[in-house]
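Pasted below: work.pdb, PDB, C-alpha atoms.
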ATOM      1  CA  MET A1229       6.429  -1.396  -4.688
ATOM      2  CA  ALA A1230       5.745  -4.637  -2.882
ATOM      3  CA  ILE A1231       2.109  -4.733  -4.034
ATOM      4  CA  ILE A1232       2.189  -4.486  -7.813
ATOM      5  CA  TYR A1233      -1.271  -5.444  -9.077
ATOM      6  CA  ALA A1234      -4.869  -5.164  -7.882
ATOM      7  CA  VAL A1235      -8.305  -5.892  -9.285
ATOM      8  CA  VAL A1236     -11.949  -5.697  -8.202
ATOM      9  CA  ALA A1237     -14.210  -8.201  -9.943
ATOM     10  CA  ARG A1238     -17.701  -9.681  -9.847
ATOM     11  CA  ALA A1239     -17.135 -13.348 -10.679
ATOM     12  CA  THR A1240     -15.108 -13.042 -13.911
ATOM     13  CA  VAL A1241     -16.291  -9.499 -14.709
ATOM     14  CA  VAL A1242     -13.479  -7.040 -13.983
ATOM     15  CA  LEU A1243     -14.848  -3.753 -12.622
ATOM     16  CA  ALA A1244     -11.537  -1.982 -11.947
ATOM     17  CA  GLU A1245      -7.851  -2.889 -12.007
ATOM     18  CA  PHE A1246      -4.397  -1.373 -11.816
ATOM     19  CA  SER A1247      -0.973  -2.833 -12.572
ATOM     20  CA  ALA A1248       2.311  -1.211 -11.588
ATOM     21  CA  VAL A1249       4.278  -3.499 -13.919
ATOM     22  CA  THR A1250       4.014  -4.786 -17.447
ATOM     23  CA  GLY A1251       3.584  -8.455 -18.264
ATOM     24  CA  ASN A1252       0.753 -10.975 -18.335
ATOM     25  CA  THR A1253      -0.459 -10.575 -14.747
ATOM     26  CA  GLY A1254      -3.959  -9.657 -15.917
ATOM     27  CA  ALA A1255      -4.248 -12.854 -17.970
ATOM     28  CA  VAL A1256      -3.127 -15.006 -15.022
ATOM     29  CA  VAL A1257      -5.599 -13.267 -12.700
ATOM     30  CA  ARG A1258      -8.483 -13.808 -15.119
ATOM     31  CA  ARG A1259      -7.671 -17.507 -15.165
ATOM     32  CA  ILE A1260      -7.714 -17.509 -11.347
ATOM     33  CA  LEU A1261     -11.106 -15.765 -11.331
ATOM     34  CA  GLU A1262     -12.455 -18.424 -13.682
ATOM     35  CA  LYS A1263     -11.298 -21.196 -11.345
ATOM     36  CA  LEU A1264     -12.658 -19.721  -8.118
ATOM     37  CA  SER A1265     -15.825 -21.225  -6.738
ATOM     38  CA  PRO A1266     -18.930 -19.329  -7.930
ATOM     39  CA  GLU A1267     -20.192 -19.296  -4.361
ATOM     40  CA  THR A1268     -20.038 -15.821  -2.857
ATOM     41  CA  ALA A1269     -19.341 -16.727   0.780
ATOM     42  CA  ASP A1270     -16.899 -14.362   2.445
ATOM     43  CA  GLU A1271     -13.402 -15.857   2.507
ATOM     44  CA  ARG A1272      -9.686 -15.141   2.231
ATOM     45  CA  LEU A1273      -7.381 -17.101  -0.027
ATOM     46  CA  CYS A1274      -3.701 -17.072  -0.994
ATOM     47  CA  PHE A1275      -2.085 -18.668  -4.025
ATOM     48  CA  SER A1276       1.611 -18.568  -4.815
ATOM     49  CA  GLN A1277       3.301 -18.608  -8.197
ATOM     50  CA  ASP A1278       7.017 -18.106  -8.689
ATOM     51  CA  ARG A1279       8.091 -15.297  -6.321
ATOM     52  CA  TYR A1280       4.643 -13.734  -5.985
ATOM     53  CA  ILE A1281       1.489 -14.354  -3.952
ATOM     54  CA  PHE A1282      -2.072 -13.643  -5.064
ATOM     55  CA  HIS A1283      -4.070 -12.454  -2.047
ATOM     56  CA  ILE A1284      -7.842 -12.786  -2.435
ATOM     57  CA  LEU A1285     -10.630 -11.287  -0.336
ATOM     58  CA  ARG A1286     -14.175 -12.308  -1.285
ATOM     59  CA  SER A1287     -16.945 -10.256   0.276
ATOM     60  CA  ASP A1288     -20.367  -8.797  -0.625
ATOM     61  CA  GLY A1289     -20.513 -10.865  -3.804
ATOM     62  CA  LEU A1290     -17.252  -9.385  -5.110
ATOM     63  CA  THR A1291     -13.637 -10.472  -5.359
ATOM     64  CA  PHE A1292     -10.813  -8.164  -4.313
ATOM     65  CA  LEU A1293      -7.409  -9.457  -5.397
ATOM     66  CA  CYS A1294      -3.864  -8.139  -5.237
ATOM     67  CA  MET A1295      -0.503  -9.579  -6.206
ATOM     68  CA  ALA A1296       2.542  -8.911  -4.045
ATOM     69  CA  LYS A1297       6.092 -10.151  -3.686
ATOM     70  CA  ASP A1298       6.269 -13.269  -1.531
ATOM     71  CA  THR A1299       8.734 -11.564   0.837
ATOM     72  CA  PHE A1300       6.094  -8.973   1.784
ATOM     73  CA  GLY A1301       4.077 -11.352   3.947
ATOM     74  CA  ARG A1302       0.294 -11.514   4.200
ATOM     75  CA  ARG A1303      -0.778  -8.947   6.779
ATOM     76  CA  ILE A1304      -0.244  -5.790   4.752
ATOM     77  CA  PRO A1305      -1.663  -7.117   1.441
ATOM     78  CA  PHE A1306      -4.851  -8.166   3.240
ATOM     79  CA  SER A1307      -4.994  -4.797   5.017
ATOM     80  CA  TYR A1308      -4.746  -3.224   1.569
ATOM     81  CA  LEU A1309      -7.616  -5.379   0.314
ATOM     82  CA  GLU A1310      -9.762  -4.516   3.339
ATOM     83  CA  ASP A1311      -9.143  -0.839   2.683
ATOM     84  CA  VAL A1312      -9.972  -1.217  -1.014
ATOM     85  CA  HIS A1313     -13.117  -3.174  -0.136
ATOM     86  CA  MET A1314     -14.297  -0.442   2.227
ATOM     87  CA  ARG A1315     -13.669   2.346  -0.297
ATOM     88  CA  PHE A1316     -15.246   0.457  -3.184
ATOM     89  CA  MET A1317     -18.414  -0.475  -1.316
ATOM     90  CA  LYS A1318     -18.785   3.060   0.006
ATOM     91  CA  ASN A1319     -18.765   4.478  -3.534
ATOM     92  CA  TYR A1320     -20.274   1.697  -5.647
ATOM     93  CA  GLY A1321     -21.975  -0.741  -3.292
ATOM     94  CA  ARG A1322     -25.433  -0.256  -4.785
ATOM     95  CA  VAL A1323     -24.466  -0.674  -8.419
ATOM     96  CA  ALA A1324     -21.496  -3.056  -8.263
ATOM     97  CA  LEU A1325     -23.605  -6.217  -8.571
ATOM     98  CA  HIS A1326     -25.076  -5.100 -11.898
ATOM     99  CA  ALA A1327     -22.369  -2.892 -13.420
ATOM    100  CA  PRO A1328     -20.775  -3.830 -16.768
ATOM    101  CA  ALA A1329     -17.078  -4.650 -17.148
ATOM    102  CA  TYR A1330     -14.671  -1.799 -16.300
ATOM    103  CA  ALA A1331     -17.553   0.471 -15.249
ATOM    104  CA  MET A1332     -15.541   1.830 -12.298
ATOM    105  CA  ASN A1333     -12.086   1.598 -13.819
ATOM    106  CA  ASP A1334     -11.600   5.264 -14.751
ATOM    107  CA  GLU A1335     -12.151   6.440 -11.193
ATOM    108  CA  PHE A1336     -11.239   3.498  -9.008
ATOM    109  CA  SER A1337      -8.014   2.444 -10.737
ATOM    110  CA  ARG A1338      -6.518   5.664  -9.357
ATOM    111  CA  VAL A1339      -7.631   4.649  -5.858
ATOM    112  CA  LEU A1340      -6.075   1.190  -6.319
ATOM    113  CA  HIS A1341      -2.803   2.844  -7.348
ATOM    114  CA  GLN A1342      -2.808   5.451  -4.582
ATOM    115  CA  GLN A1343      -3.508   2.940  -1.809
ATOM    116  CA  MET A1344      -1.053   0.495  -3.367
ATOM    117  CA  GLU A1345       1.724   3.047  -2.944
ATOM    118  CA  PHE A1346       0.617   3.867   0.600
ATOM    119  CA  PHE A1347       0.433   0.267   1.820
ATOM    120  CA  SER A1348       3.681  -0.674   0.056
ATOM    121  CA  SER A1349       5.777   2.098   1.592
ATOM    122  CA  ASN A1350       4.174   3.182   4.887
ATOM    123  CA  PRO A1351       5.542   1.196   7.884
ATOM    124  CA  SER A1352       2.720   2.397  10.160
ATOM    125  CA  VAL A1353       0.255   0.184   8.261
ATOM    126  CA  ASP A1354       1.567  -3.010   9.849
ATOM    127  CA  THR A1355       1.523  -1.435  13.309
ATOM    128  CA  LEU A1356      -2.131  -0.454  12.851
ATOM    129  CA  ASN A1357      -2.927  -3.981  11.734
ATOM    130  CA  ARG A1358      -1.373  -5.393  14.896
ATOM    131  CA  VAL A1359      -3.314  -2.941  17.083
ATOM    132  CA  ARG A1360      -6.562  -4.044  15.460
ATOM    133  CA  GLY A1361      -5.799  -7.626  16.438
ATOM    134  CA  GLU A1362      -6.073  -8.971  12.897
ATOM    135  CA  VAL A1363      -2.747 -10.816  12.899
ATOM    136  CA  SER A1364      -4.044 -14.171  14.148
ATOM    137  CA  GLU A1365      -6.918 -14.157  11.653
ATOM    138  CA  ILE A1366      -4.589 -13.604   8.708
ATOM    139  CA  ARG A1367      -2.115 -16.204   9.952
ATOM    140  CA  SER A1368      -4.859 -18.787   9.526
ATOM    141  CA  VAL A1369      -4.955 -18.132   5.769
ATOM    142  CA  MET A1370      -2.836 -20.811   4.166
ATOM    143  CA  VAL A1371      -0.660 -20.005   1.141
ATOM    144  CA  GLU A1372      -1.271 -22.696  -1.458
ATOM    145  CA  ASN A1373       0.382 -23.253  -4.792
ATOM    146  CA  ILE A1374      -1.620 -21.963  -7.717
ATOM    147  CA  GLU A1375      -1.604 -25.490  -9.160
ATOM    148  CA  LYS A1376      -4.253 -26.401  -6.584
ATOM    149  CA  ILE A1377      -6.897 -24.557  -8.612
ATOM    150  CA  MET A1378      -5.225 -24.739 -12.025
ATOM    151  CA  GLU A1379      -5.210 -27.869 -14.092
ATOM    152  CA  ARG A1380      -1.896 -28.611 -15.742
ATOM    153  CA  GLY A1381      -3.018 -27.324 -19.134
ATOM    154  CA  ASP A1382      -4.620 -24.201 -17.690
ATOM    155  CA  ARG A1383      -1.633 -22.768 -15.903
ATOM    156  CA  ILE A1384      -0.057 -19.688 -17.495
ATOM    157  CA  GLU A1385       3.540 -18.792 -16.781
ATOM    158  CA  LEU A1386       3.638 -15.528 -14.851
ATOM    159  CA  LEU A1387       5.711 -12.932 -16.691
ATOM    160  CA  VAL A1388       6.579  -9.736 -14.849
ATOM    161  CA  ASP A1389       8.786  -7.123 -16.479
ATOM    162  CA  LYS A1390      11.730  -6.896 -14.051
ATOM    163  CA  THR A1391      12.813  -3.621 -15.622
ATOM    164  CA  ALA A1392       9.490  -2.030 -14.753
ATOM    165  CA  THR A1393       9.735  -3.398 -11.213
ATOM    166  CA  MET A1394      13.247  -2.018 -10.795
ATOM    167  CA  GLN A1395      12.205   1.355 -12.177
ATOM    168  CA  ASP A1396       9.283   1.428  -9.759
ATOM    169  CA  SER A1397      11.583   0.527  -6.840
ATOM    170  CA  SER A1398      13.999   3.252  -7.935
ATOM    171  CA  PHE A1399      11.155   5.772  -8.037
ATOM    172  CA  HIS A1400      10.084   4.922  -4.493
ATOM    173  CA  PHE A1401      13.693   5.050  -3.287
ATOM    174  CA  ARG A1402      14.040   8.571  -4.711
ATOM    175  CA  LYS A1403      10.693   9.531  -3.219
ATOM    176  CA  GLN A1404      11.709   8.279   0.236
ATOM    177  CA  SER A1405      15.102   9.992  -0.117
ATOM    178  CA  LYS A1406      13.422  13.317  -0.863
ATOM    179  CA  ARG A1407      11.131  12.822   2.125
ATOM    180  CA  LEU A1408      14.127  12.063   4.346
ATOM    181  CA  ARG A1409      16.061  15.104   3.087
ATOM    182  CA  ARG A1410      13.021  17.280   3.706
ATOM    183  CA  ALA A1411      12.678  15.945   7.246
ATOM    184  CA  LEU A1412      16.376  16.513   7.931
ATOM    185  CA  SER A1413      16.151  20.062   6.552
ATOM    186  CA  MET A1414      13.224  20.814   8.851
ATOM    187  CA  LYS A1415      15.099  19.337  11.794
ATOM    188  CA  ASN A1416      18.190  21.418  10.998
ATOM    189  CA  ALA A1417      16.081  24.563  10.632
ATOM    190  CA  LYS A1418      14.457  23.973  14.033
ATOM    191  CA  LEU A1419      17.876  23.327  15.590
ATOM    192  CA  LEU A1420      19.200  26.559  14.072
ATOM    193  CA  VAL A1421      16.295  28.544  15.516
ATOM    194  CA  VAL A1422      16.839  27.017  18.966
ATOM    195  CA  LEU A1423      20.582  27.745  18.866
ATOM    196  CA  THR A1424      19.950  31.317  17.739
ATOM    197  CA  CYS A1425      17.526  31.855  20.612
ATOM    198  CA  LEU A1426      20.015  30.375  23.084
ATOM    199  CA  ILE A1427      22.831  32.633  21.814
ATOM    200  CA  VAL A1428      20.603  35.707  22.081
ATOM    201  CA  LEU A1429      19.561  34.668  25.594
ATOM    202  CA  VAL A1430      23.176  34.130  26.714
ATOM    203  CA  LEU A1431      24.236  37.491  25.280
ATOM    204  CA  TYR A1432      21.329  39.189  27.035
ATOM    205  CA  ILE A1433      22.257  37.575  30.368
ATOM    206  CA  ILE A1434      25.908  38.704  29.977
ATOM    207  CA  ILE A1435      24.900  42.244  29.061
ATOM    208  CA  ALA A1436      22.370  42.360  31.894
ATOM    209  CA  PHE A1437      25.068  41.247  34.357
ATOM    210  CA  PHE A1438      27.280  44.232  33.445
ATOM    211  CA  CYS A1439      24.412  46.700  33.016
ATOM    212  CA  GLY A1440      22.707  46.482  36.371
ATOM    213  CA  GLY A1441      20.039  43.838  35.840
ATOM    214  CA  ILE A1442      17.389  42.831  33.389
ATOM    215  CA  THR A1443      16.283  46.422  32.735
ATOM    216  CA  LEU A1444      19.865  47.401  31.681
ATOM    217  CA  SER A1445      19.489  50.579  33.759
ATOM    218  CA  SER A1446      23.211  51.389  34.146
ATOM    219  CA  CYS A1447      23.848  51.043  30.443
ATOM    220  CA  ARG A1448      21.002  53.403  29.573
ATOM    221  CA  SER A1449      22.211  56.253  31.795
TER
END
What's the structure tokens form of this structure?
Amino acid sequence: MAIIYAVVARATVVLAEFSAVTGNTGAVVRRILEKLSPETADERLCFSQDRYIFHILRSDGLTFLCMAKDTFGRRIPFSYLEDVHMRFMKNYGRVALHAPAYAMNDEFSRVLHQQMEFFSSNPSVDTLNRVRGEVSEIRSVMVENIEKIMERGDRIELLVDKTATMQDSSFHFRKQSKRLRRALSMKNAKLLVVLTCLIVLVLYIIIAFFCGGITLSSCRS
């Protein structure tokens, strides 16, 4: 997956999170949450570290953050965060500002995972984003090095288990392969039905030609 970590937090209080890889991503994210301004104005931020980018959406007094590979761009990760924001507020908007740590994790971590897979592998997501006209807005979000908010002694080296990432990529490759084989099987089945119908129709026309027309009257007598 291109998006490999996501969290919903109120200031430094984590309400729900999901990680598709092992490593210390959670520790790095908690340090980022500590360094963010306590002001709750709506904003979008991007911080890079190594080969990954932390995408941050702050809205309704909450912070929605995901980590993605730097080659994945910014549009889709922010679309993912917008989607997560909408789903979270719809289910927990009234209680999120007072809920204890991990209060929504049991339920919402599954949503983070499910939408993470969808936005990482579905090409139609970027097309929808373009149709909505959100491209220019996201382009204005500058990607800054994480050192801008981290003091030298505060920075934690980001460790991501490459084996887990490769296994996850292999899983999605197999999943897409199965989907492709299924689509090809359906296409072949439809083609077979069409060819069968055409053969039957041609045979009927030939027989009708020698049997006196479409009612096959001469062949019946």
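Across the structure, CA of Asp1278 (chain A) and CA of Ala1296 (chain A) are spaced 11.2 Å apart.
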message: Please compute the CA of Arg1315 (chain A)-CA of Cys1274 (chain A) distance, one decimal, in Å.
response: 21.8 Å
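If you look at CA of Ser1348 (chain A) and CA of Ile1232 (chain A), they are 8.9 Å away from each other.
Using all atoms listed in the file, the contacts of Lys1318 (chain A) at a cut-off of 12 Å, with sequence neighbours closer than 6 positions omitted, comprise Asp1288, Asp1311, Val1312, Ala1324 and Phe1336 of chain A.
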- request: Go through A:Arg1302, A:Arg1258, A:Lys1406, A:Lys1418 one by one, measure the shortest atom-to-atom distance of each to Glu1245 (chain A) using only C-alpha atoms, and give the residue with the smallest value.
  value: A:Arg1258
- request: Using the chain letters and numbering of this document, enumerate as a ChimeraX atom specification the residues selected by the PyMOL selection byres ((chain A and resi 1235-1244) around 10).
  value: /A:1233-1234,1245-1247,1254,1257-1268,1284-1286,1288-1295,1309,1312-1313,1316,1324-1340
